[in-house]
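Next comes structure-v3.csv, a file with CSV, C-alpha atoms.
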```csv
chain,number,residue,atom,x,y,z
A,29,MET,CA,31.7,130.8,150.9
A,30,PHE,CA,30.0,129.2,147.9
A,31,SER,CA,29.0,131.5,145.1
A,32,VAL,CA,26.3,130.5,142.7
A,33,LEU,CA,27.6,133.1,140.2
A,34,GLY,CA,30.9,131.3,140.0
A,35,VAL,CA,29.1,128.2,138.7
A,36,VAL,CA,26.8,129.9,136.1
A,37,LYS,CA,28.2,129.4,132.6
A,38,SER,CA,25.1,130.3,130.6
A,39,GLN,CA,21.9,132.1,130.9
A,40,ASN,CA,20.2,128.7,130.2
A,41,LEU,CA,18.8,127.2,133.4
A,42,PHE,CA,18.9,123.6,132.1
A,43,PHE,CA,22.4,123.9,130.8
A,44,ASN,CA,23.6,125.2,134.2
A,45,LEU,CA,21.7,122.5,136.1
A,46,ARG,CA,23.1,119.8,133.8
A,47,GLY,CA,26.6,120.9,134.8
A,48,VAL,CA,26.0,120.9,138.5
A,49,ILE,CA,23.5,118.1,139.2
A,50,PRO,CA,25.3,114.8,139.5
A,51,THR,CA,23.9,112.2,137.1
A,52,ALA,CA,25.7,109.9,134.8
A,53,SER,CA,22.8,109.8,132.5
A,54,ALA,CA,21.9,112.5,130.0
A,55,GLU,CA,18.7,110.6,129.3
A,56,ASP,CA,17.6,110.8,132.9
A,57,PHE,CA,18.3,114.6,133.1
A,58,VAL,CA,16.5,115.3,129.8
A,59,THR,CA,13.5,113.2,130.9
A,60,GLU,CA,13.2,115.0,134.2
A,61,ALA,CA,13.6,118.4,132.5
A,62,LEU,CA,11.0,117.6,129.9
A,63,CYS,CA,8.6,116.3,132.5
A,64,TRP,CA,9.1,119.6,134.5
A,65,VAL,CA,8.4,121.7,131.4
A,66,LEU,CA,5.3,119.7,130.5
A,67,SER,CA,3.9,119.7,134.1
A,68,SER,CA,4.6,123.5,134.4
A,69,ASN,CA,2.9,124.4,131.1
A,70,PRO,CA,-0.4,122.6,130.4
A,71,PRO,CA,-1.0,124.3,127.0
A,72,VAL,CA,2.4,123.0,125.8
A,73,ALA,CA,1.8,119.6,127.3
A,74,GLU,CA,-1.6,119.4,125.6
A,75,ARG,CA,0.1,120.1,122.2
A,76,LEU,CA,2.5,117.2,122.7
A,77,VAL,CA,-0.4,114.9,123.8
A,78,ARG,CA,-2.4,115.9,120.8
A,79,LEU,CA,0.5,115.2,118.5
A,80,VAL,CA,1.0,111.7,120.0
A,81,LEU,CA,-2.7,111.0,119.6
A,82,ALA,CA,-2.8,112.2,116.0
A,83,GLU,CA,0.3,110.1,115.2
A,84,GLY,CA,-1.3,107.1,116.8
A,85,GLY,CA,-4.7,107.7,115.1
A,86,VAL,CA,-6.5,107.8,118.5
A,87,THR,CA,-8.9,110.1,120.2
A,88,ALA,CA,-9.4,110.3,123.9
A,89,ASP,CA,-10.2,112.5,126.8
A,90,ILE,CA,-7.0,114.2,127.7
A,91,SER,CA,-8.3,116.7,130.3
A,92,SER,CA,-6.4,116.9,133.5
A,93,ALA,CA,-3.3,115.1,132.3
A,94,SER,CA,-0.7,114.3,134.9
A,95,TRP,CA,3.0,113.7,134.2
A,96,SER,CA,5.5,111.5,136.1
A,97,THR,CA,8.9,109.9,135.6
A,98,GLN,CA,10.4,106.6,136.5
A,99,VAL,CA,7.0,105.0,137.4
A,100,HIS,CA,7.6,101.4,138.7
A,101,LEU,CA,5.4,98.9,136.8
A,102,SER,CA,5.3,95.2,137.8
A,103,ASP,CA,3.1,92.2,137.6
A,104,ALA,CA,2.5,88.9,139.5
A,105,ARG,CA,5.2,87.1,137.4
A,106,SER,CA,7.8,89.4,139.0
A,107,GLN,CA,8.4,91.3,135.8
A,108,SER,CA,9.3,94.9,136.4
A,109,ARG,CA,10.0,98.0,134.3
A,110,ARG,CA,10.4,101.7,134.8
A,111,PRO,CA,9.3,103.7,131.7
A,112,ASP,CA,11.0,107.1,131.5
A,113,MET,CA,7.9,109.2,131.6
A,114,ILE,CA,4.1,108.6,131.8
A,115,CYS,CA,1.2,110.9,131.0
A,116,GLU,CA,-2.1,109.8,132.6
A,117,CYS,CA,-5.3,111.2,131.2
A,118,PRO,CA,-8.8,110.1,132.0
A,119,GLY,CA,-9.2,108.4,128.6
A,120,ILE,CA,-5.7,107.2,127.8
A,121,VAL,CA,-2.2,106.6,129.2
A,122,LEU,CA,1.0,107.5,127.2
A,123,VAL,CA,4.1,105.6,128.1
A,124,PHE,CA,7.3,107.3,127.0
A,125,GLU,CA,10.7,105.8,126.4
A,126,HIS,CA,13.5,108.3,125.8
A,127,LYS,CA,16.8,107.5,124.2
A,128,VAL,CA,19.6,110.0,124.2
A,129,GLU,CA,22.8,108.0,124.0
A,130,GLU,CA,21.7,104.4,124.4
A,131,GLU,CA,20.4,102.0,121.8
A,132,VAL,CA,16.7,101.3,121.4
A,133,VAL,CA,15.8,97.9,122.8
A,134,PRO,CA,12.5,96.6,121.2
A,135,THR,CA,11.9,94.1,124.0
A,136,GLN,CA,12.1,96.9,126.6
A,137,ILE,CA,9.3,98.8,125.0
A,138,ALA,CA,7.2,95.7,124.4
A,139,ALA,CA,7.5,94.8,128.1
A,140,GLN,CA,6.6,98.3,129.2
A,141,ARG,CA,3.5,98.2,126.9
A,142,ALA,CA,2.4,94.9,128.4
A,143,LEU,CA,2.9,96.0,132.0
A,144,ALA,CA,1.3,99.4,131.5
A,145,ALA,CA,-1.7,97.8,129.7
A,146,GLU,CA,-2.2,95.5,132.8
A,147,HIS,CA,-1.6,98.3,135.3
A,148,TYR,CA,-3.7,101.0,133.7
A,149,ALA,CA,-6.6,98.8,132.4
A,150,PRO,CA,-9.2,99.5,131.1
A,151,ARG,CA,-7.6,102.7,129.7
A,152,PRO,CA,-5.8,102.2,126.4
A,153,VAL,CA,-2.0,102.6,126.4
A,154,ILE,CA,0.1,104.2,123.7
A,155,THR,CA,3.9,103.7,123.8
A,156,VAL,CA,6.0,106.6,122.6
A,157,LEU,CA,9.6,106.4,121.6
A,158,VAL,CA,11.6,109.6,121.5
A,159,ALA,CA,15.1,109.3,120.1
A,160,ARG,CA,17.6,111.1,117.9
A,161,ASP,CA,16.8,108.8,115.0
A,162,VAL,CA,13.6,106.7,114.8
A,163,ASP,CA,13.6,105.6,111.1
A,164,SER,CA,14.9,102.1,111.9
A,165,HIS,CA,12.6,101.7,114.9
A,166,ARG,CA,9.2,102.7,113.5
A,167,ALA,CA,7.6,99.3,114.5
A,168,VAL,CA,9.0,99.3,118.0
A,169,ALA,CA,6.5,101.8,119.6
A,170,ASP,CA,3.0,103.0,118.7
A,171,VAL,CA,4.4,106.5,118.1
A,172,CYS,CA,8.0,107.4,117.3
A,173,LEU,CA,9.2,111.0,117.6
A,174,THR,CA,12.7,112.5,117.2
A,175,TRP,CA,14.0,114.9,119.8
A,176,ARG,CA,14.2,117.5,117.0
A,177,ARG,CA,10.5,117.1,116.4
A,178,VAL,CA,9.7,117.5,120.1
A,179,GLN,CA,12.0,120.6,120.1
A,180,SER,CA,10.1,122.0,117.1
A,181,LEU,CA,6.7,121.3,118.7
A,182,LEU,CA,7.8,123.1,121.9
A,183,ASP,CA,9.3,126.0,119.9
A,184,ARG,CA,6.2,126.8,117.8
A,185,SER,CA,5.7,130.5,117.7
A,186,GLU,CA,2.0,130.1,118.7
A,187,PRO,CA,1.7,132.6,121.5
A,188,LEU,CA,1.0,131.1,124.9
A,189,PRO,CA,0.6,133.0,128.1
A,190,ALA,CA,3.5,131.2,129.8
A,191,HIS,CA,5.6,131.2,126.6
A,192,ALA,CA,7.3,134.6,127.2
A,193,PRO,CA,10.9,135.2,126.0
A,194,ASN,CA,13.4,133.3,128.1
A,195,SER,CA,10.6,131.1,129.6
A,196,LEU,CA,11.1,127.6,130.8
A,197,VAL,CA,9.9,126.3,127.5
A,198,ASP,CA,12.3,128.5,125.5
A,199,GLN,CA,15.2,127.5,127.7
A,200,PHE,CA,14.4,123.8,127.3
A,201,VAL,CA,14.2,124.2,123.5
A,202,GLU,CA,17.6,125.9,123.6
A,203,PHE,CA,18.9,123.2,125.9
A,204,LEU,CA,17.9,120.4,123.5
A,205,GLY,CA,20.0,122.1,120.8
A,206,LEU,CA,22.9,122.5,123.2
A,207,GLU,CA,22.7,118.8,124.0
A,208,GLY,CA,22.8,117.9,120.3
A,209,LEU,CA,19.2,116.7,120.3
A,210,GLY,CA,17.9,119.4,118.0
A,211,ARG,CA,18.8,122.6,116.4
A,212,ILE,CA,20.2,125.5,118.4
A,213,PRO,CA,17.6,128.2,118.1
A,214,GLY,CA,18.4,131.7,116.9
A,215,PRO,CA,20.9,133.0,114.4
A,216,CYS,CA,24.0,131.0,113.7
A,217,PRO,CA,26.9,132.3,115.8
```
Encoded form using structure tokens:
Amino acid sequence: MFSVLGVVKSQNLFFNLRGVIPTASAEDFVTEALCWVLSSNPPVAERLVRLVLAEGGVTADISSASWSTQVHLSDARSQSRRPDMICECPGIVLVFEHKVEEEVVPTQIAAQRALAAEHYAPRPVITVLVARDVDSHRAVADVCLTWRRVQSLLDRSEPLPAHAPNSLVDQFVEFLGLEGLGRIPGPCP
């Protein structure tokens, strides 16, 4: 008989899932986990969207945001891309490219921008790069964020109803630290 307790190595849901869900890509797992956290917690998602808009110097209607991953975008010239994550709002679309272990490819983000602009017209599109280090890639996307900055945004101590101790948000914040994408929260062991 299979025992779930035999598999649990941590109290962190994401750390445990990462160990048992077969995926070769840490990037895919982190993207799906982040999308789940944002979809499950609209106030936290709104904070991230507002940060992106502020960084991009844009204002837009962001009510009723919807989040999805691996959206297939293509055009009549048979060009095709799959951005890691997309946030659709009534007044704007945010196209996210996440990098965990792979290199940033400027042409990949430029192609995603072009296809998304065509697909989501007339809404404006903002491309967002999230990576360990974005200093050398500032011109690649409209907004560049480090994973540590995303972690810090999610970890803000601003009280939210769904942000109780050991919440999904707290566990994801800890998971980013365990994955080496941010600081491990709490006191140094």
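Distances to His147 in chain A were evaluated for A:Arg176, A:His165, A:Arg184, A:Arg109 using all atoms listed in the file, and the minimum falls at A:Arg109.
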Checklist entry - Neighbours of range 208-213 of chain A within 10 Å (only C-alpha atoms; same-chain residues fewer than 2 positions away dropped), as a ChimeraX atom specification? => result /A:58,128,159-161,174-180,183,198-199,201-206,215-217
Item to check | Proximity to Ile120 in chain A - best of A:Ile49, A:Ile90, A:Leu181, A:Leu196, all atoms listed in the file | outcome: A:Ile90
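We find CA of Ser96 in chain A and CA of Cys63 in chain A to be spaced 6.8 Å apart.
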Find the residues around Val72 in chain A up to 10 Å (only C-alpha atoms counted), leave out those fewer than 3 positions away in its own chain, and share them as a short mmCIF file (atom, residue, chain, number, x, y, z; two decimals) with C-alpha atoms, keeping the file's coordinate frame.
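Here's the written file out_8.cif:
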```
data_model
loop_
_atom_site.label_atom_id
_atom_site.label_comp_id
_atom_site.auth_asym_id
_atom_site.auth_seq_id
_atom_site.Cartn_x
_atom_site.Cartn_y
_atom_site.Cartn_z
CA VAL A 65 8.40 121.70 131.40
CA LEU A 66 5.30 119.70 130.50
CA SER A 67 3.90 119.70 134.10
CA SER A 68 4.60 123.50 134.40
CA ASN A 69 2.90 124.40 131.10
CA ARG A 75 0.10 120.10 122.20
CA LEU A 76 2.50 117.20 122.70
CA VAL A 77 -0.40 114.90 123.80
CA ARG A 78 -2.40 115.90 120.80
CA LEU A 181 6.70 121.30 118.70
CA LEU A 182 7.80 123.10 121.90
CA ASP A 183 9.30 126.00 119.90
CA ARG A 184 6.20 126.80 117.80
CA LEU A 188 1.00 131.10 124.90
CA ALA A 190 3.50 131.20 129.80
CA HIS A 191 5.60 131.20 126.60
CA VAL A 197 9.90 126.30 127.50
#
```
Checklist entry - Which value, in Å to one decimal, gives the distance between CA of Leu157 in chain A and CA of Val121 in chain A? => result 14.0 Å
Please identify all polymer residues within 7 Å of Leu122 in chain A, counting all atoms listed in the file, omitting same-chain residues fewer than 3 positions from it, and present them as a short mmCIF file (atom, residue, chain, number, x, y, z; two decimals) with C-alpha atoms, keeping the file's coordinate frame.
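The resulting file, part30.cif, is reproduced below:
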```cif
data_model
loop_
_atom_site.label_atom_id
_atom_site.label_comp_id
_atom_site.auth_asym_id
_atom_site.auth_seq_id
_atom_site.Cartn_x
_atom_site.Cartn_y
_atom_site.Cartn_z
CA ILE A 114 4.10 108.60 131.80
CA CYS A 115 1.20 110.90 131.00
CA GLU A 116 -2.10 109.80 132.60
CA VAL A 153 -2.00 102.60 126.40
CA ILE A 154 0.10 104.20 123.70
CA THR A 155 3.90 103.70 123.80
CA VAL A 156 6.00 106.60 122.60
#
```
Checklist entry - Which residue out of A:His126, A:Arg151, A:Arg166, A:Arg141 has the minimum interatomic distance to Asp112 in chain A when all atoms listed in the file are used? => result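 Under the stated criterion, the closest residue is A:His126.
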Checklist entry - What is the CA of Ala145 in chain A-CA of His100 in chain A distance in Å, reported with one decimal? => result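 Computed distance, CA of Ala145 in chain A to CA of His100 in chain A, equals 13.4 Å.
Residue nearest Val86 in chain A within the list A:Pro111, A:Gly119, A:Pro134, A:Pro70: A:Gly119 [criterion: smallest interatomic distance, only C-alpha atoms].
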Checklist entry - With all atoms listed in the file as the basis for distance, which of A:Glu74, A:Glu125, A:Glu146, A:Asp103 is at the shortest distance from Asp89 in chain A? => result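 Among the listed residues, A:Glu74 lies closest to Asp89 in chain A.
Nearest-residue note for Ile137 in chain A: choosing from A:Arg105, A:Val123, A:Phe57, A:Val48, the minimum distance belongs to A:Val123, counting all atoms listed in the file.
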